[in-house]
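Engineer: My file is work_24.cif. It has mmCIF, C-alpha atoms:
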data_query
loop_
_atom_site.group_PDB
_atom_site.id
_atom_site.type_symbol
_atom_site.label_atom_id
_atom_site.label_comp_id
_atom_site.auth_asym_id
_atom_site.auth_seq_id
_atom_site.Cartn_x
_atom_site.Cartn_y
_atom_site.Cartn_z
ATOM 1 C CA GLN A 1 5.341 -12.975 -14.689
ATOM 2 C CA GLN A 2 4.263 -10.878 -11.718
ATOM 3 C CA LEU A 3 3.931 -13.956 -9.537
ATOM 4 C CA GLY A 4 7.456 -14.985 -10.505
ATOM 5 C CA ILE A 5 8.779 -11.548 -9.609
ATOM 6 C CA ALA A 6 7.108 -11.694 -6.196
ATOM 7 C CA LYS A 7 8.499 -15.175 -5.531
ATOM 8 C CA GLY A 8 11.924 -14.087 -6.740
ATOM 9 C CA CYS A 9 11.858 -11.217 -4.279
ATOM 10 C CA MET A 10 11.179 -13.605 -1.431
ATOM 11 C CA ASP A 11 13.949 -15.912 -2.674
ATOM 12 C CA ILE A 12 16.365 -12.993 -2.411
ATOM 13 C CA ALA A 13 15.084 -11.462 0.819
ATOM 14 C CA LEU A 14 14.480 -14.446 3.098
ATOM 15 C CA PRO A 15 18.000 -15.924 3.031
ATOM 16 C CA TYR A 16 19.391 -12.433 3.667
ATOM 17 C CA LEU A 17 16.991 -11.827 6.562
ATOM 18 C CA MET A 18 17.931 -15.168 8.095
ATOM 19 C CA GLU A 19 21.667 -14.607 7.692
ATOM 20 C CA ARG A 20 21.975 -10.919 8.630
ATOM 21 C CA LYS A 21 22.219 -10.279 12.346
ATOM 22 C CA GLN A 22 21.281 -7.238 14.392
ATOM 23 C CA PHE A 23 21.411 -7.014 18.171
ATOM 24 C CA GLY A 24 22.645 -10.602 18.311
ATOM 25 C CA GLN A 25 19.826 -12.232 16.353
ATOM 26 C CA ALA A 26 18.786 -12.750 12.763
ATOM 27 C CA ILE A 27 16.664 -9.971 11.307
ATOM 28 C CA ALA A 28 14.127 -12.643 10.308
ATOM 29 C CA ASP A 29 13.582 -13.398 14.014
ATOM 30 C CA PHE A 30 12.239 -9.931 14.853
ATOM 31 C CA GLN A 31 8.467 -10.077 15.202
ATOM 32 C CA GLY A 32 7.844 -6.918 13.168
ATOM 33 C CA ILE A 33 9.816 -8.345 10.238
ATOM 34 C CA GLN A 34 8.156 -11.759 10.646
ATOM 35 C CA HIS A 35 4.742 -10.153 10.274
ATOM 36 C CA GLN A 36 5.855 -8.357 7.129
ATOM 37 C CA TYR A 37 7.240 -11.384 5.295
ATOM 38 C CA ALA A 38 4.342 -13.545 6.487
ATOM 39 C CA GLN A 39 1.928 -11.007 4.983
ATOM 40 C CA VAL A 40 3.767 -10.947 1.648
ATOM 41 C CA ALA A 41 3.953 -14.759 1.581
ATOM 42 C CA THR A 42 0.203 -14.958 2.242
ATOM 43 C CA GLU A 43 -0.514 -12.549 -0.598
ATOM 44 C CA ILE A 44 1.736 -14.525 -2.959
ATOM 45 C CA HIS A 45 -0.149 -17.696 -2.053
ATOM 46 C CA ALA A 46 -3.459 -15.913 -2.711
ATOM 47 C CA VAL A 47 -2.237 -14.960 -6.209
ATOM 48 C CA GLU A 48 -1.294 -18.595 -6.861
ATOM 49 C CA VAL A 49 -4.726 -19.827 -5.780
ATOM 50 C CA MET A 50 -6.484 -17.123 -7.820
ATOM 51 C CA THR A 51 -4.410 -18.081 -10.877
ATOM 52 C CA TYR A 52 -5.240 -21.769 -10.532
ATOM 53 C CA ASN A 53 -8.913 -20.932 -10.091
ATOM 54 C CA ALA A 54 -9.059 -18.774 -13.242
ATOM 55 C CA CYS A 55 -7.293 -21.540 -15.191
ATOM 56 C CA ARG A 56 -9.668 -24.158 -13.802
ATOM 57 C CA MET A 57 -12.652 -22.064 -14.838
ATOM 58 C CA LYS A 58 -11.290 -21.580 -18.356
ATOM 59 C CA GLU A 59 -10.532 -25.289 -18.767
ATOM 60 C CA SER A 60 -14.059 -26.107 -17.550
ATOM 61 C CA GLY A 61 -15.594 -23.818 -20.151
ATOM 62 C CA LEU A 62 -16.909 -21.408 -17.521
ATOM 63 C CA PRO A 63 -16.799 -17.607 -17.794
ATOM 64 C CA PHE A 64 -13.418 -16.569 -16.394
ATOM 65 C CA VAL A 65 -12.751 -13.003 -17.578
ATOM 66 C CA LYS A 66 -13.607 -11.426 -14.220
ATOM 67 C CA GLU A 67 -11.361 -13.845 -12.342
ATOM 68 C CA ALA A 68 -8.540 -13.389 -14.861
ATOM 69 C CA SER A 69 -8.796 -9.610 -14.512
ATOM 70 C CA MET A 70 -8.804 -9.916 -10.734
ATOM 71 C CA VAL A 71 -5.672 -12.039 -10.702
ATOM 72 C CA LYS A 72 -3.870 -9.744 -13.180
ATOM 73 C CA LEU A 73 -4.694 -6.753 -11.009
ATOM 74 C CA TYR A 74 -3.830 -8.389 -7.700
ATOM 75 C CA ALA A 75 -0.667 -10.079 -8.976
ATOM 76 C CA SER A 76 0.749 -6.741 -10.115
ATOM 77 C CA GLN A 77 -0.078 -5.180 -6.727
ATOM 78 C CA VAL A 78 1.520 -8.065 -4.827
ATOM 79 C CA ALA A 79 4.637 -7.970 -7.015
ATOM 80 C CA GLU A 80 5.042 -4.240 -6.369
ATOM 81 C CA LYS A 81 4.613 -4.778 -2.622
ATOM 82 C CA ALA A 82 7.037 -7.715 -2.549
ATOM 83 C CA ALA A 83 9.642 -5.764 -4.523
ATOM 84 C CA SER A 84 9.266 -2.682 -2.357
ATOM 85 C CA LYS A 85 9.509 -4.699 0.868
ATOM 86 C CA THR A 86 12.535 -6.568 -0.468
ATOM 87 C CA ILE A 87 14.359 -3.282 -1.098
ATOM 88 C CA GLU A 88 13.357 -2.137 2.387
ATOM 89 C CA TRP A 89 14.474 -5.383 4.068
ATOM 90 C CA LEU A 90 17.814 -5.430 2.241
ATOM 91 C CA GLY A 91 18.614 -1.836 3.109
ATOM 92 C CA GLY A 92 21.369 -0.189 1.079
ATOM 93 C CA ILE A 93 22.382 -3.400 -0.661
ATOM 94 C CA GLY A 94 18.870 -3.606 -2.126
ATOM 95 C CA PHE A 95 19.635 -0.762 -4.518
ATOM 96 C CA THR A 96 22.804 -2.340 -5.854
ATOM 97 C CA LYS A 97 22.842 -4.625 -8.878
ATOM 98 C CA ASP A 98 24.375 -7.438 -6.804
ATOM 99 C CA LEU A 99 21.111 -9.111 -5.734
ATOM 100 C CA LEU A 100 18.572 -8.416 -8.540
ATOM 101 C CA ALA A 101 16.199 -6.719 -6.103
ATOM 102 C CA GLU A 102 16.463 -3.402 -7.929
ATOM 103 C CA LYS A 103 15.721 -5.154 -11.241
ATOM 104 C CA PHE A 104 12.622 -6.822 -9.792
ATOM 105 C CA TYR A 105 11.548 -3.429 -8.440
ATOM 106 C CA ARG A 106 11.790 -1.914 -11.934
ATOM 107 C CA ASP A 107 10.289 -4.937 -13.702
ATOM 108 C CA CYS A 108 7.209 -5.204 -11.506
ATOM 109 C CA LYS A 109 5.996 -1.742 -12.448
ATOM 110 C CA VAL A 110 5.290 -2.886 -15.990
ATOM 111 C CA GLY A 111 2.758 -5.390 -14.603
ATOM 112 C CA SER A 112 0.312 -2.606 -13.881
ATOM 113 C CA ILE A 113 0.706 -1.265 -17.423
ATOM 114 C CA TYR A 114 0.858 -4.023 -20.048
ATOM 115 C CA GLU A 115 -1.948 -6.467 -20.853
ATOM 116 C CA GLY A 116 -4.359 -3.786 -19.640
ATOM 117 C CA THR A 117 -3.543 -1.176 -17.057
ATOM 118 C CA SER A 118 -4.709 -1.672 -13.500
ATOM 119 C CA ASN A 119 -7.484 0.837 -14.162
ATOM 120 C CA ILE A 120 -8.679 -1.178 -17.162
ATOM 121 C CA GLN A 121 -8.659 -4.341 -15.027
ATOM 122 C CA LEU A 122 -10.724 -2.540 -12.394
ATOM 123 C CA GLN A 123 -13.164 -1.345 -15.050
ATOM 124 C CA THR A 124 -13.521 -4.863 -16.464
ATOM 125 C CA ILE A 125 -14.127 -6.298 -12.996
ATOM 126 C CA ALA A 126 -16.682 -3.602 -12.152
ATOM 127 C CA LYS A 127 -18.646 -4.115 -15.383
ATOM 128 C CA LEU A 128 -18.769 -7.870 -14.878
ATOM 129 C CA ILE A 129 -19.897 -7.471 -11.264
ATOM 130 C CA GLN A 130 -22.621 -5.074 -12.394
ATOM 131 C CA SER A 131 -23.845 -7.568 -14.959
ATOM 132 C CA GLU A 132 -24.099 -10.248 -12.274
ATOM 133 C CA TYR A 133 -26.443 -8.078 -10.210
ATOM 134 C CA ARG A 134 -28.712 -6.731 -12.953
#
Please, can you express the file's structure as structure tokens?
Structural biologist:
Amino acid sequence: QQLGIAKGCMDIALPYLMERKQFGQAIADFQGIQHQYAQVATEIHAVEVMTYNACRMKESGLPFVKEASMVKLYASQVAEKAASKTIEWLGGIGFTKDLLAEKFYRDCKVGSIYEGTSNIQLQTIAKLIQSEYR
């Protein structure tokens, strides 16, 4: 769900950034904005790879709880960042109900709460790392 929210944010933001012009060029062409959406896209890709890896481990019968906790934690963080950046990139229109960005912003917060809060995910990860080094 969190991965879908992050991707949905990019699906809303990127066309807008490419269409909207400031100072005679698309907002997406400004280097500072390019770095921001490139960073978010990289983090989304990392969540995808982490998800596939946890699934691969489960299907192979390997221990996967640590990896699943890591991807749950990171996916919720990436979704929150993507939603926040989308609101920022869209400016005032980002808070309206016209583009769904405000809904994604609200929806992503639940990702750090349900199926184990972010703190519980961190605790699970820490305990499993400790057990690997004992």
Engineer: Evaluate the PyMOL selection byres ((chain A and resi 43) around 10) and record the selected residues as a PyMOL selection string, following the chain and residue labels used in the document.
Structural biologist: chain A and resi 6+37-42+44-49+74-75+77-79+81-82
Engineer: List, as an mmCIF file with C-alpha atoms, in the frame of the given file, every residue that the PyMOL selection byres ((chain A and resi 83-94) around 9) selects in the file provided.
Structural biologist:
data_model
loop_
_atom_site.group_PDB
_atom_site.id
_atom_site.type_symbol
_atom_site.label_atom_id
_atom_site.label_comp_id
_atom_site.auth_asym_id
_atom_site.auth_seq_id
_atom_site.Cartn_x
_atom_site.Cartn_y
_atom_site.Cartn_z
ATOM 1 C CA ILE A 5 8.779 -11.548 -9.609
ATOM 2 C CA ALA A 6 7.108 -11.694 -6.196
ATOM 3 C CA GLY A 8 11.924 -14.087 -6.740
ATOM 4 C CA CYS A 9 11.858 -11.217 -4.279
ATOM 5 C CA MET A 10 11.179 -13.605 -1.431
ATOM 6 C CA ILE A 12 16.365 -12.993 -2.411
ATOM 7 C CA ALA A 13 15.084 -11.462 0.819
ATOM 8 C CA LEU A 14 14.480 -14.446 3.098
ATOM 9 C CA TYR A 16 19.391 -12.433 3.667
ATOM 10 C CA LEU A 17 16.991 -11.827 6.562
ATOM 11 C CA ILE A 27 16.664 -9.971 11.307
ATOM 12 C CA ILE A 33 9.816 -8.345 10.238
ATOM 13 C CA GLN A 36 5.855 -8.357 7.129
ATOM 14 C CA TYR A 37 7.240 -11.384 5.295
ATOM 15 C CA VAL A 40 3.767 -10.947 1.648
ATOM 16 C CA VAL A 78 1.520 -8.065 -4.827
ATOM 17 C CA ALA A 79 4.637 -7.970 -7.015
ATOM 18 C CA GLU A 80 5.042 -4.240 -6.369
ATOM 19 C CA LYS A 81 4.613 -4.778 -2.622
ATOM 20 C CA ALA A 82 7.037 -7.715 -2.549
ATOM 21 C CA PHE A 95 19.635 -0.762 -4.518
ATOM 22 C CA THR A 96 22.804 -2.340 -5.854
ATOM 23 C CA LYS A 97 22.842 -4.625 -8.878
ATOM 24 C CA ASP A 98 24.375 -7.438 -6.804
ATOM 25 C CA LEU A 99 21.111 -9.111 -5.734
ATOM 26 C CA LEU A 100 18.572 -8.416 -8.540
ATOM 27 C CA ALA A 101 16.199 -6.719 -6.103
ATOM 28 C CA GLU A 102 16.463 -3.402 -7.929
ATOM 29 C CA PHE A 104 12.622 -6.822 -9.792
ATOM 30 C CA TYR A 105 11.548 -3.429 -8.440
ATOM 31 C CA ARG A 106 11.790 -1.914 -11.934
ATOM 32 C CA CYS A 108 7.209 -5.204 -11.506
#
Engineer: Segment 121-125 of chain A: which residues within 12 Å, counting all atoms listed in the file, same-chain residues fewer than 5 positions away excluded, as a list of chain:residue names?
Structural biologist: A:Phe64, A:Val65, A:Lys66, A:Glu67, A:Ala68, A:Ser69, A:Met70, A:Val71, A:Lys72, A:Leu73, A:Tyr74, A:Ala75, A:Ser76, A:Gln77, A:Gly111, A:Ser112, A:Ile113, A:Tyr114, A:Glu115, A:Gly116, A:Gln130, A:Ser131, A:Glu132
Engineer: Work out how far apart atom CA of Leu62 of chain A and atom CA of Gly4 of chain A are and give it in Å to one decimal.
Structural biologist: 26.2 Å
Engineer: What is the atom CA of Asp107 of chain A to atom CA of Ala54 of chain A distance in Å?
Structural biologist: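 These atoms are spaced 23.8 Å apart.
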Engineer: Provide the atom CA of Lys58 of chain A to atom CA of Ala126 of chain A distance in Å, to one decimal place.
Structural biologist: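 Between atom CA of Lys58 of chain A and atom CA of Ala126 of chain A the gap works out to 19.8 Å.
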Engineer: Every residue with an atom at most 9 Å from (15.6, -12.4, 10.6) (file coordinates; all atoms listed in the file) is what I'm after, so could you write them as a PyMOL selection string?
Structural biologist: chain A and resi 14-22+25-31+33-34
